[in-house]
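Below: entry07.pdb (PDB, C-alpha atoms and all ligand atoms)
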```
ATOM      1  CA  MET V   1      18.616  24.961   0.526
ATOM      2  CA  GLN V   2      20.381  25.754  -2.711
ATOM      3  CA  ILE V   3      18.192  25.500  -5.859
ATOM      4  CA  VAL V   4      19.914  24.649  -9.136
ATOM      5  CA  THR V   5      18.247  24.523 -12.553
ATOM      6  CA  SER V   6      20.885  23.473 -15.092
ATOM      7  CA  PRO V   7      22.526  20.018 -15.301
ATOM      8  CA  ARG V   8      25.988  21.589 -15.643
ATOM      9  CA  ALA V   9      25.543  23.759 -12.503
ATOM     10  CA  MET V  10      24.064  20.776 -10.656
ATOM     11  CA  ARG V  11      27.084  18.580 -11.510
ATOM     12  CA  ALA V  12      29.342  21.359 -10.227
ATOM     13  CA  ALA V  13      27.285  21.780  -7.018
ATOM     14  CA  CYS V  14      27.427  18.015  -6.313
ATOM     15  CA  LYS V  15      31.173  17.919  -6.991
ATOM     16  CA  ALA V  16      31.572  20.868  -4.609
ATOM     17  CA  LEU V  17      29.688  18.927  -1.897
ATOM     18  CA  GLN V  18      32.135  16.037  -2.349
ATOM     19  CA  ARG V  19      35.138  18.376  -2.290
ATOM     20  CA  VAL V  20      34.160  19.834   1.101
ATOM     21  CA  VAL V  21      34.365  16.408   2.770
ATOM     22  CA  PRO V  22      35.443  13.728   0.254
ATOM     23  CA  SER V  23      34.064  10.802   2.276
ATOM     24  CA  GLN V  24      30.583  12.253   2.756
ATOM     25  CA  THR V  25      27.716  10.321   1.209
ATOM     26  CA  ILE V  26      25.012  11.815  -1.008
ATOM     27  CA  GLY V  27      21.411  10.595  -0.917
ATOM     28  CA  LEU V  28      19.103  11.349  -3.845
ATOM     29  CA  VAL V  29      15.315  11.673  -3.677
ATOM     30  CA  PRO V  30      13.956  12.060  -7.230
ATOM     31  CA  THR V  31      10.400  13.439  -7.449
ATOM     32  CA  MET V  32       7.970  15.085  -9.838
ATOM     33  CA  GLY V  33       6.895  17.525  -7.103
ATOM     34  CA  ALA V  34       3.355  17.827  -5.656
ATOM     35  CA  LEU V  35       4.992  16.438  -2.546
ATOM     36  CA  HIS V  36       3.186  14.480   0.148
ATOM     37  CA  GLU V  37       4.152  12.464   3.234
ATOM     38  CA  GLY V  38       5.347   9.574   1.030
ATOM     39  CA  HIS V  39       8.004  11.819  -0.569
ATOM     40  CA  LEU V  40       8.917  13.306   2.812
ATOM     41  CA  SER V  41       9.464   9.804   4.221
ATOM     42  CA  LEU V  42      12.071   9.282   1.463
ATOM     43  CA  VAL V  43      13.777  12.550   2.404
ATOM     44  CA  ARG V  44      13.829  11.507   6.065
ATOM     45  CA  ALA V  45      15.313   8.106   5.168
ATOM     46  CA  SER V  46      17.993   9.827   3.113
ATOM     47  CA  ARG V  47      18.779  12.264   5.932
ATOM     48  CA  GLN V  48      19.180   9.306   8.306
ATOM     49  CA  GLN V  49      21.362   7.254   5.983
ATOM     50  CA  CYS V  50      23.429   9.876   4.131
ATOM     51  CA  ASP V  51      25.481  12.950   5.011
ATOM     52  CA  ARG V  52      23.894  15.149   2.347
ATOM     53  CA  THR V  53      20.468  14.961   0.735
ATOM     54  CA  VAL V  54      19.701  16.092  -2.782
ATOM     55  CA  ALA V  55      16.105  16.213  -4.073
ATOM     56  CA  THR V  56      14.880  16.744  -7.606
ATOM     57  CA  ILE V  57      11.609  18.134  -8.913
ATOM     58  CA  PHE V  58      11.011  17.518 -12.599
ATOM     59  CA  VAL V  59       7.687  16.622 -14.217
ATOM     60  CA  ASN V  60       9.257  14.351 -16.805
ATOM     61  CA  PRO V  61       7.408  14.667 -20.140
ATOM     62  CA  LEU V  62       9.071  11.499 -21.455
ATOM     63  CA  GLN V  63       7.206   9.232 -19.037
ATOM     64  CA  PHE V  64       3.700  10.486 -19.948
ATOM     65  CA  GLY V  65       1.791   9.048 -22.908
ATOM     66  CA  PRO V  66       0.000  11.365 -25.376
ATOM     67  CA  ASN V  67      -3.370  10.894 -23.653
ATOM     68  CA  GLU V  68      -2.070  11.070 -20.100
ATOM     69  CA  ASP V  69      -2.121  13.828 -17.484
ATOM     70  CA  PHE V  70       1.187  15.640 -18.202
ATOM     71  CA  THR V  71      -0.386  19.094 -18.580
ATOM     72  CA  ARG V  72      -2.730  18.739 -15.631
ATOM     73  CA  TYR V  73      -0.166  17.040 -13.335
ATOM     74  CA  PRO V  74      -0.160  19.132 -10.106
ATOM     75  CA  ARG V  75       2.676  21.673  -9.945
ATOM     76  CA  THR V  76       3.163  23.161  -6.461
ATOM     77  CA  PHE V  77       6.774  24.321  -6.653
ATOM     78  CA  GLN V  78       6.765  26.994  -3.909
ATOM     79  CA  GLN V  79       5.068  24.761  -1.387
ATOM     80  CA  ASP V  80       7.371  21.847  -2.331
ATOM     81  CA  CYS V  81      10.449  24.031  -1.748
ATOM     82  CA  GLU V  82       9.178  24.999   1.709
ATOM     83  CA  LEU V  83       8.573  21.340   2.612
ATOM     84  CA  LEU V  84      12.017  20.237   1.388
ATOM     85  CA  GLU V  85      13.738  23.109   3.157
ATOM     86  CA  ALA V  86      11.940  22.263   6.422
ATOM     87  CA  GLU V  87      13.096  18.628   6.084
ATOM     88  CA  GLY V  88      16.719  19.739   5.765
ATOM     89  CA  VAL V  89      17.369  19.022   2.070
ATOM     90  CA  ASP V  90      20.753  20.491   1.067
ATOM     91  CA  LEU V  91      20.336  20.865  -2.657
ATOM     92  CA  LEU V  92      17.329  20.915  -4.998
ATOM     93  CA  PHE V  93      17.623  20.259  -8.727
ATOM     94  CA  ALA V  94      14.642  21.644 -10.661
ATOM     95  CA  PRO V  95      15.582  21.773 -14.344
ATOM     96  CA  ALA V  96      13.450  23.004 -17.232
ATOM     97  CA  SER V  97      12.476  20.426 -19.841
ATOM     98  CA  GLU V  98      14.795  21.937 -22.506
ATOM     99  CA  GLU V  99      17.725  21.573 -20.120
ATOM    100  CA  MET V 100      17.061  17.880 -19.555
ATOM    101  CA  TYR V 101      16.096  17.119 -23.139
ATOM    102  CA  PRO V 102      17.967  19.414 -25.514
ATOM    103  CA  ALA V 103      16.830  19.232 -29.152
ATOM    104  CA  GLN V 104      19.845  17.128 -30.199
ATOM    105  CA  MET V 105      19.255  14.430 -27.569
ATOM    106  CA  GLN V 106      19.263  10.913 -29.126
ATOM    107  CA  THR V 107      19.767   8.435 -26.305
ATOM    108  CA  ILE V 108      16.992   6.516 -24.600
ATOM    109  CA  VAL V 109      17.347   3.945 -21.813
ATOM    110  CA  ASP V 110      15.071   0.945 -22.231
ATOM    111  CA  VAL V 111      14.562  -2.055 -19.950
ATOM    112  CA  PRO V 112      12.339  -3.803 -22.467
ATOM    113  CA  GLU V 113      11.049  -6.948 -20.747
ATOM    114  CA  ILE V 114      10.469  -5.777 -17.189
ATOM    115  CA  GLY V 115       9.531  -2.331 -18.488
ATOM    116  CA  GLY V 116       6.739  -3.871 -20.582
ATOM    117  CA  ARG V 117       4.978  -5.493 -17.631
ATOM    118  CA  LEU V 118       2.289  -4.176 -15.204
ATOM    119  CA  ASP V 119       2.175  -0.375 -15.716
ATOM    120  CA  GLY V 120       4.522  -0.796 -18.679
ATOM    121  CA  ALA V 121       1.894  -2.924 -20.449
ATOM    122  CA  SER V 122      -0.850  -0.297 -20.259
ATOM    123  CA  ARG V 123       1.387   2.816 -20.355
ATOM    124  CA  GLN V 124       3.421   2.259 -23.516
ATOM    125  CA  GLY V 125       6.895   3.824 -23.215
ATOM    126  CA  HIS V 126       6.313   4.929 -19.615
ATOM    127  CA  PHE V 127       9.287   3.066 -18.172
ATOM    128  CA  ARG V 128      11.565   4.162 -21.040
ATOM    129  CA  GLY V 129      10.847   7.710 -19.875
ATOM    130  CA  VAL V 130      11.432   6.822 -16.227
ATOM    131  CA  ALA V 131      14.682   4.891 -16.897
ATOM    132  CA  THR V 132      16.031   7.645 -19.161
ATOM    133  CA  VAL V 133      15.401  10.484 -16.724
ATOM    134  CA  VAL V 134      16.622   8.551 -13.674
ATOM    135  CA  CYS V 135      19.776   7.500 -15.573
ATOM    136  CA  LYS V 136      20.427  11.182 -16.361
ATOM    137  CA  LEU V 137      19.815  12.177 -12.724
ATOM    138  CA  PHE V 138      22.209   9.455 -11.510
ATOM    139  CA  ASN V 139      24.903  10.703 -13.904
ATOM    140  CA  ILE V 140      24.427  14.364 -13.019
ATOM    141  CA  ILE V 141      24.217  13.885  -9.227
ATOM    142  CA  GLN V 142      26.252  10.670  -8.728
ATOM    143  CA  PRO V 143      24.539   9.749  -5.452
ATOM    144  CA  ASP V 144      25.678   6.956  -3.135
ATOM    145  CA  ARG V 145      22.068   6.014  -2.398
ATOM    146  CA  ALA V 146      18.816   6.782  -4.226
ATOM    147  CA  PHE V 147      15.467   6.559  -2.438
ATOM    148  CA  PHE V 148      12.250   5.326  -4.076
ATOM    149  CA  GLY V 149       8.836   4.368  -2.724
ATOM    150  CA  GLN V 150       7.565   0.781  -2.715
ATOM    151  CA  LYS V 151       4.263   2.194  -4.002
ATOM    152  CA  ASP V 152       5.846   2.289  -7.463
ATOM    153  CA  ALA V 153       6.891  -1.377  -7.253
ATOM    154  CA  ALA V 154       7.180  -1.826 -11.032
ATOM    155  CA  GLN V 155       9.319   1.315 -11.271
ATOM    156  CA  VAL V 156      11.583  -0.118  -8.556
ATOM    157  CA  ALA V 157      11.987  -3.403 -10.493
ATOM    158  CA  VAL V 158      12.840  -1.508 -13.704
ATOM    159  CA  LEU V 159      15.365   0.748 -11.958
ATOM    160  CA  GLN V 160      16.963  -2.151 -10.084
ATOM    161  CA  ALA V 161      17.541  -3.873 -13.435
ATOM    162  CA  MET V 162      18.947  -0.646 -14.909
ATOM    163  CA  VAL V 163      21.354  -0.134 -11.972
ATOM    164  CA  ARG V 164      22.539  -3.732 -12.331
ATOM    165  CA  ASP V 165      22.835  -3.710 -16.136
ATOM    166  CA  LEU V 166      24.555  -0.322 -16.428
ATOM    167  CA  ASN V 167      26.859  -0.879 -13.426
ATOM    168  CA  PHE V 168      25.775   2.181 -11.478
ATOM    169  CA  ASP V 169      27.820   2.441  -8.314
ATOM    170  CA  LEU V 170      24.946   3.218  -5.968
ATOM    171  CA  GLU V 171      22.375   1.548  -3.769
ATOM    172  CA  LEU V 172      18.638   1.785  -4.435
ATOM    173  CA  VAL V 173      16.810   2.114  -1.137
ATOM    174  CA  VAL V 174      13.134   1.179  -1.242
ATOM    175  CA  CYS V 175      10.960   2.779   1.459
ATOM    176  CA  PRO V 176       7.554   1.509   2.667
ATOM    177  CA  ILE V 177       4.270   2.795   1.263
ATOM    178  CA  VAL V 178       2.803   5.668   3.292
ATOM    179  CA  ARG V 179      -0.989   5.494   3.580
ATOM    180  CA  GLU V 180      -3.778   7.877   4.460
ATOM    181  CA  ALA V 181      -5.814   6.949   7.573
ATOM    182  CA  ASN V 182      -8.390   5.229   5.324
ATOM    183  CA  GLY V 183      -5.740   2.950   3.768
ATOM    184  CA  LEU V 184      -5.379   4.818   0.461
ATOM    185  CA  ALA V 185      -1.719   4.804  -0.646
ATOM    186  CA  MET V 186      -0.410   8.377  -0.798
ATOM    187  CA  SER V 187       0.020   9.687  -4.327
ATOM    188  CA  SER V 188       0.280  13.109  -5.929
ATOM    189  CA  ARG V 189      -2.695  12.017  -8.061
ATOM    190  CA  ASN V 190      -4.961  11.577  -4.987
ATOM    191  CA  ARG V 191      -5.603  15.306  -5.173
ATOM    192  CA  TYR V 192      -7.595  14.713  -8.383
ATOM    193  CA  LEU V 193     -10.154  12.614  -6.454
ATOM    194  CA  SER V 194     -13.584  13.841  -5.387
ATOM    195  CA  ASP V 195     -14.857  12.751  -1.940
ATOM    196  CA  GLU V 196     -16.929  10.021  -3.575
ATOM    197  CA  GLU V 197     -13.967   8.781  -5.679
ATOM    198  CA  ARG V 198     -11.732   8.782  -2.609
ATOM    199  CA  LYS V 199     -14.161   6.336  -0.940
ATOM    200  CA  GLU V 200     -14.257   4.121  -4.039
ATOM    201  CA  ALA V 201     -10.439   4.203  -4.243
ATOM    202  CA  GLN V 202     -10.177   2.485  -0.860
ATOM    203  CA  ALA V 203     -11.116  -0.734  -2.683
ATOM    204  CA  LEU V 204      -7.492  -0.976  -3.900
ATOM    205  CA  SER V 205      -5.961  -1.297  -0.423
ATOM    206  CA  ARG V 206      -8.950  -3.405   0.729
ATOM    207  CA  SER V 207      -8.286  -5.884  -2.086
ATOM    208  CA  LEU V 208      -4.645  -6.207  -1.003
ATOM    209  CA  CYS V 209      -5.667  -6.761   2.629
ATOM    210  CA  SER V 210      -7.999  -9.565   1.515
ATOM    211  CA  VAL V 211      -5.133 -11.288  -0.285
ATOM    212  CA  GLN V 212      -2.813 -10.861   2.705
ATOM    213  CA  ARG V 213      -5.488 -12.402   4.918
ATOM    214  CA  ALA V 214      -6.046 -15.284   2.518
ATOM    215  CA  VAL V 215      -2.303 -16.045   2.316
ATOM    216  CA  ALA V 216      -2.014 -15.877   6.133
ATOM    217  CA  GLU V 217      -4.886 -18.401   6.315
ATOM    218  CA  GLY V 218      -2.971 -20.758   4.012
ATOM    219  CA  GLN V 219      -4.294 -19.954   0.533
ATOM    220  CA  ARG V 220      -1.551 -20.752  -2.019
ATOM    221  CA  SER V 221      -3.480 -20.790  -5.304
ATOM    222  CA  VAL V 222      -2.488 -17.769  -7.396
ATOM    223  CA  THR V 223      -5.697 -18.130  -9.427
ATOM    224  CA  THR V 224      -7.777 -17.908  -6.258
ATOM    225  CA  LEU V 225      -5.767 -14.930  -4.999
ATOM    226  CA  ARG V 226      -6.329 -13.096  -8.313
ATOM    227  CA  GLU V 227     -10.054 -13.832  -8.005
ATOM    228  CA  THR V 228      -9.990 -12.438  -4.456
ATOM    229  CA  LEU V 229      -8.445  -9.208  -5.739
ATOM    230  CA  LEU V 230     -10.955  -8.860  -8.567
ATOM    231  CA  HIS V 231     -13.897  -9.676  -6.276
ATOM    232  CA  GLU V 232     -12.931  -6.845  -3.842
ATOM    233  CA  LEU V 233     -12.280  -4.400  -6.668
ATOM    234  CA  ALA V 234     -15.616  -5.236  -8.315
ATOM    235  CA  ALA V 235     -17.392  -4.127  -5.118
ATOM    236  CA  ALA V 236     -16.484  -0.515  -6.013
ATOM    237  CA  ALA V 237     -18.945  -0.034  -8.863
ATOM    238  CA  SER V 238     -17.299   2.941 -10.583
ATOM    239  CA  LEU V 239     -13.790   1.527 -10.514
ATOM    240  CA  ARG V 240     -12.252   0.194 -13.759
ATOM    241  CA  VAL V 241      -9.473  -2.357 -13.229
ATOM    242  CA  ASP V 242      -6.300  -2.009 -15.296
ATOM    243  CA  TYR V 243      -4.463  -4.957 -13.744
ATOM    244  CA  ALA V 244      -4.713  -7.105 -10.624
ATOM    245  CA  ASP V 245      -1.948  -9.670 -10.447
ATOM    246  CA  VAL V 246       0.415 -11.724  -8.339
ATOM    247  CA  VAL V 247       3.913 -11.473  -9.812
ATOM    248  CA  ASP V 248       7.596 -12.026  -9.176
ATOM    249  CA  PRO V 249       8.807  -8.818  -7.420
ATOM    250  CA  ASN V 250      12.038  -8.679  -9.468
ATOM    251  CA  THR V 251      10.916  -9.675 -12.968
ATOM    252  CA  LEU V 252       7.215  -8.690 -12.641
ATOM    253  CA  GLU V 253       6.326 -11.952 -14.401
ATOM    254  CA  SER V 254       2.917 -13.452 -13.663
ATOM    255  CA  MET V 255       3.192 -16.739 -11.865
ATOM    256  CA  SER V 256       1.112 -19.851 -11.468
ATOM    257  CA  GLU V 257       2.641 -21.013  -8.156
ATOM    258  CA  LEU V 258       3.053 -18.768  -5.145
ATOM    259  CA  PRO V 259       6.795 -18.457  -4.284
ATOM    260  CA  ALA V 260       8.319 -17.488  -0.901
ATOM    261  CA  SER V 261       7.726 -13.778  -1.673
ATOM    262  CA  ALA V 262       5.339 -12.381  -4.239
ATOM    263  CA  LEU V 263       4.263  -8.910  -5.296
ATOM    264  CA  VAL V 264       0.500  -8.409  -5.290
ATOM    265  CA  ALA V 265      -0.158  -5.382  -7.466
ATOM    266  CA  VAL V 266      -3.293  -3.551  -8.567
ATOM    267  CA  ALA V 267      -4.000  -0.588 -10.822
ATOM    268  CA  ALA V 268      -7.423   0.893 -11.473
ATOM    269  CA  TRP V 269      -9.139   3.945 -12.862
ATOM    270  CA  VAL V 270     -11.320   5.867 -10.453
ATOM    271  CA  GLY V 271     -13.076   8.361 -12.700
ATOM    272  CA  GLN V 272     -10.294  10.048 -14.720
ATOM    273  CA  THR V 273      -7.585   9.085 -12.214
ATOM    274  CA  ARG V 274      -5.398   6.014 -12.505
ATOM    275  CA  LEU V 275      -4.220   4.713  -9.119
ATOM    276  CA  ILE V 276      -1.810   1.926  -8.182
ATOM    277  CA  ASP V 277      -1.142  -0.002  -4.994
ATOM    278  CA  ASN V 278       0.655  -3.175  -3.956
ATOM    279  CA  CYS V 279       1.935  -5.337  -1.133
ATOM    280  CA  ILE V 280       4.452  -8.126  -0.749
ATOM    281  CA  VAL V 281       3.171 -11.434   0.610
ATOM    282  CA  HIS V 282       5.459 -13.999   2.205
ATOM    283  CA  THR V 283       4.590 -17.686   2.364
ATOM    284  CA  GLU V 284       7.548 -18.627   4.525
ATOM    285  CA  GLU V 285       8.717 -17.224   7.840
ATOM    286  CA  VAL V 286      11.203 -14.419   7.136
ATOM    287  CA  ALA V 287      14.420 -15.061   9.113
ATOM    288  CA  LEU V 288      15.287 -12.091  11.348
TER
HETATM  289  O1  LIG U 301       8.371   8.261  -9.083
HETATM  290  C1  LIG U 301       8.408   9.378  -9.653
HETATM  291  O2  LIG U 301       7.951  10.387  -9.113
HETATM  292  C2  LIG U 301       9.032   9.483 -11.020
HETATM  293  O3  LIG U 301       8.736   8.375 -11.804
HETATM  294  C3  LIG U 301      10.553   9.730 -10.976
HETATM  295  C4  LIG U 301      11.282   8.558 -10.335
HETATM  296  C5  LIG U 301      10.837  10.998 -10.186
HETATM  297  C6  LIG U 301      11.096   9.897 -12.391
HETATM  298  O4  LIG U 301      10.515  10.971 -13.047
END
```

This entry written out as structure tokens:
Amino acid sequence: MQIVTSPRAMRAACKALQRVVPSQTIGLVPTMGALHEGHLSLVRASRQQCDRTVATIFVNPLQFGPNEDFTRYPRTFQQDCELLEAEGVDLLFAPASEEMYPAQMQTIVDVPEIGGRLDGASRQGHFRGVATVVCKLFNIIQPDRAFFGQKDAAQVAVLQAMVRDLNFDLELVVCPIVREANGLAMSSRNRYLSDEERKEAQALSRSLCSVQRAVAEGQRSVTTLRETLLHELAAAASLRVDYADVVDPNTLESMSELPASALVAVAAWVGQTRLIDNCIVHTEEVAL
């Protein structure tokens, strides 16, 4: 696996890949490192669907607020490289912050409405940081497909809008959430949790299961489904809810009526750690 650290060298390396076999497709897996099975599932999907796979590791300062965990975010570069190499990644882009954000940089990508909902409502500017860095990665790497996890459902909605609005010639591929045996959605931040917090954190996936069950049993009242979420989350005494909502998966708007497909999304603080989880519920049979 070739490791590249400057945007200029990365552009050249990607162009070189395309020169070798012009028709070959490039899959991109953007990450902030501290890799887990969720990230590796994206790499595997890219390896299945594309000829070449490019991964990135960059802890993006622009998407962290002033009181968030940028400095303590886990950095496990050596181990990440070994994992990516073992999965058959061709090229790794791991730039320094000054390379991605030189002092003269002026341009910011903003998806203001969608980017202000769910995580965007409680993490001011978060999705501006995400959209800006992903836009830069798309321009540098020019992938045919880019792979993201459904766990970050709001991020997916923001990036889908960005790809549409800025006419990026690529496909966003959204891969299923990977869970630990106890139901906890995999996240780099899970490593912050103590054993006790890890137990409490299971309330997030439990709350989603309750809503799925209620919808399967015919419940269609969004108000009742929100109450179901909050009731399950309240059972974990130390957990502090950030949001628990049933929204449109594309616009992230809250809704009063349950449509054919809805995103059920929760975010909560467990001690010092903010966790998110979600599921999609369908009220109509999905045609195969
Ligand atoms: O999902 C993440 O890990 C990050 O938000 C991303 C997409 C790599 C941008 O920094």

Quiz item: Taking the file as shown, what set of residues would the PyMOL selection byres (((not hetatm)) within 8 of (chain U and resi 301)) give back, as a PyMOL selection string?
Solution: chain V and resi 29-33+56-60+63+129-131+133-134+148-149+152+155

Quiz item: On this structure, which residues satisfy the PyMOL selection byres (((chain V and resi 157-166) around 10) and not hetatm), written as number ranges by chain?
Solution: V: 109-117, 120, 127-128, 130-132, 134-135, 138, 148, 150, 152-156, 167-173, 248-252

Could the residues in this selection be written to a file with C-alpha atoms, as a short mmCIF file (atom, residue, chain, number, x, y, z; two decimals), keeping the file's coordinate frame?
```
data_model
loop_
_atom_site.label_atom_id
_atom_site.label_comp_id
_atom_site.auth_asym_id
_atom_site.auth_seq_id
_atom_site.Cartn_x
_atom_site.Cartn_y
_atom_site.Cartn_z
CA VAL V 109 17.35 3.94 -21.81
CA ASP V 110 15.07 0.94 -22.23
CA VAL V 111 14.56 -2.06 -19.95
CA PRO V 112 12.34 -3.80 -22.47
CA GLU V 113 11.05 -6.95 -20.75
CA ILE V 114 10.47 -5.78 -17.19
CA GLY V 115 9.53 -2.33 -18.49
CA GLY V 116 6.74 -3.87 -20.58
CA ARG V 117 4.98 -5.49 -17.63
CA GLY V 120 4.52 -0.80 -18.68
CA PHE V 127 9.29 3.07 -18.17
CA ARG V 128 11.56 4.16 -21.04
CA VAL V 130 11.43 6.82 -16.23
CA ALA V 131 14.68 4.89 -16.90
CA THR V 132 16.03 7.64 -19.16
CA VAL V 134 16.62 8.55 -13.67
CA CYS V 135 19.78 7.50 -15.57
CA PHE V 138 22.21 9.46 -11.51
CA PHE V 148 12.25 5.33 -4.08
CA GLN V 150 7.56 0.78 -2.72
CA ASP V 152 5.85 2.29 -7.46
CA ALA V 153 6.89 -1.38 -7.25
CA ALA V 154 7.18 -1.83 -11.03
CA GLN V 155 9.32 1.32 -11.27
CA VAL V 156 11.58 -0.12 -8.56
CA ASN V 167 26.86 -0.88 -13.43
CA PHE V 168 25.78 2.18 -11.48
CA ASP V 169 27.82 2.44 -8.31
CA LEU V 170 24.95 3.22 -5.97
CA GLU V 171 22.38 1.55 -3.77
CA LEU V 172 18.64 1.78 -4.43
CA VAL V 173 16.81 2.11 -1.14
CA ASP V 248 7.60 -12.03 -9.18
CA PRO V 249 8.81 -8.82 -7.42
CA ASN V 250 12.04 -8.68 -9.47
CA THR V 251 10.92 -9.68 -12.97
CA LEU V 252 7.22 -8.69 -12.64
#
```

Practice problem: Can you turn the PyMOL selection byres (((chain V and resi 231) around 12) and not hetatm) into a concrete residue list for this file, as an NGL selection string? | Solution: :V and (203-204 or 206-208 or 210-211 or 224-230 or 232-237 or 239 or 241 or 244)

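Distances from V:Thr223, V:Ser188, V:Ser254, V:Ser6 to Thr76 (chain V) were compared using only C-alpha atoms, and the smallest one belongs to V:Ser188.
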
Quiz item: Nearest to Gln124 (chain V) among V:Ala268, V:Leu62, V:Ala12, V:Ala45, with distances taken over all atoms listed in the file: which residue is it?
Solution: V:Leu62

Student task, region 214-220 of chain V output with all heavy atoms as a short mmCIF file (atom, residue, chain, number, x, y, z; two decimals), in the first residue's frame:
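Wrote out.cif, looks like this:
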```cif
data_model
loop_
_atom_site.label_atom_id
_atom_site.label_comp_id
_atom_site.auth_asym_id
_atom_site.auth_seq_id
_atom_site.Cartn_x
_atom_site.Cartn_y
_atom_site.Cartn_z
N ALA V 214 -42.66 -1.56 17.28
CA ALA V 214 -43.95 -0.85 17.32
C ALA V 214 -44.47 -0.61 15.90
O ALA V 214 -45.67 -0.79 15.63
CB ALA V 214 -43.77 0.49 18.05
N VAL V 215 -43.58 -0.24 14.98
CA VAL V 215 -44.02 0.00 13.59
C VAL V 215 -44.50 -1.33 12.98
O VAL V 215 -45.54 -1.37 12.31
CB VAL V 215 -42.88 0.63 12.74
CG1 VAL V 215 -43.25 0.69 11.26
CG2 VAL V 215 -42.55 2.03 13.26
N ALA V 216 -43.75 -2.42 13.24
CA ALA V 216 -44.16 -3.73 12.70
C ALA V 216 -45.52 -4.13 13.23
O ALA V 216 -46.31 -4.80 12.55
CB ALA V 216 -43.11 -4.78 13.06
N GLU V 217 -45.84 -3.69 14.47
CA GLU V 217 -47.15 -4.03 15.06
C GLU V 217 -48.24 -3.06 14.64
O GLU V 217 -49.35 -3.11 15.13
CB GLU V 217 -47.02 -4.06 16.60
CG GLU V 217 -46.28 -5.29 17.09
CD GLU V 217 -45.80 -5.17 18.53
OE1 GLU V 217 -46.09 -4.13 19.18
OE2 GLU V 217 -45.11 -6.09 18.99
N GLY V 218 -47.88 -2.08 13.78
CA GLY V 218 -48.91 -1.21 13.21
C GLY V 218 -48.92 0.22 13.75
O GLY V 218 -49.76 1.02 13.36
N GLN V 219 -48.03 0.55 14.67
CA GLN V 219 -48.03 1.92 15.21
C GLN V 219 -47.61 2.90 14.11
O GLN V 219 -46.60 2.72 13.47
CB GLN V 219 -47.06 2.01 16.40
CG GLN V 219 -47.01 3.35 17.08
CD GLN V 219 -48.37 3.82 17.55
OE1 GLN V 219 -49.01 4.66 16.89
NE2 GLN V 219 -48.84 3.26 18.66
N ARG V 220 -48.40 3.95 13.89
CA ARG V 220 -48.10 4.93 12.84
C ARG V 220 -48.02 6.35 13.39
O ARG V 220 -47.79 7.29 12.63
CB ARG V 220 -49.18 4.89 11.72
CG ARG V 220 -49.23 3.56 10.97
CD ARG V 220 -47.97 3.37 10.12
NE ARG V 220 -47.97 2.11 9.39
CZ ARG V 220 -47.39 0.98 9.80
NH1 ARG V 220 -46.77 0.93 10.98
NH2 ARG V 220 -47.41 -0.12 9.06
#
```
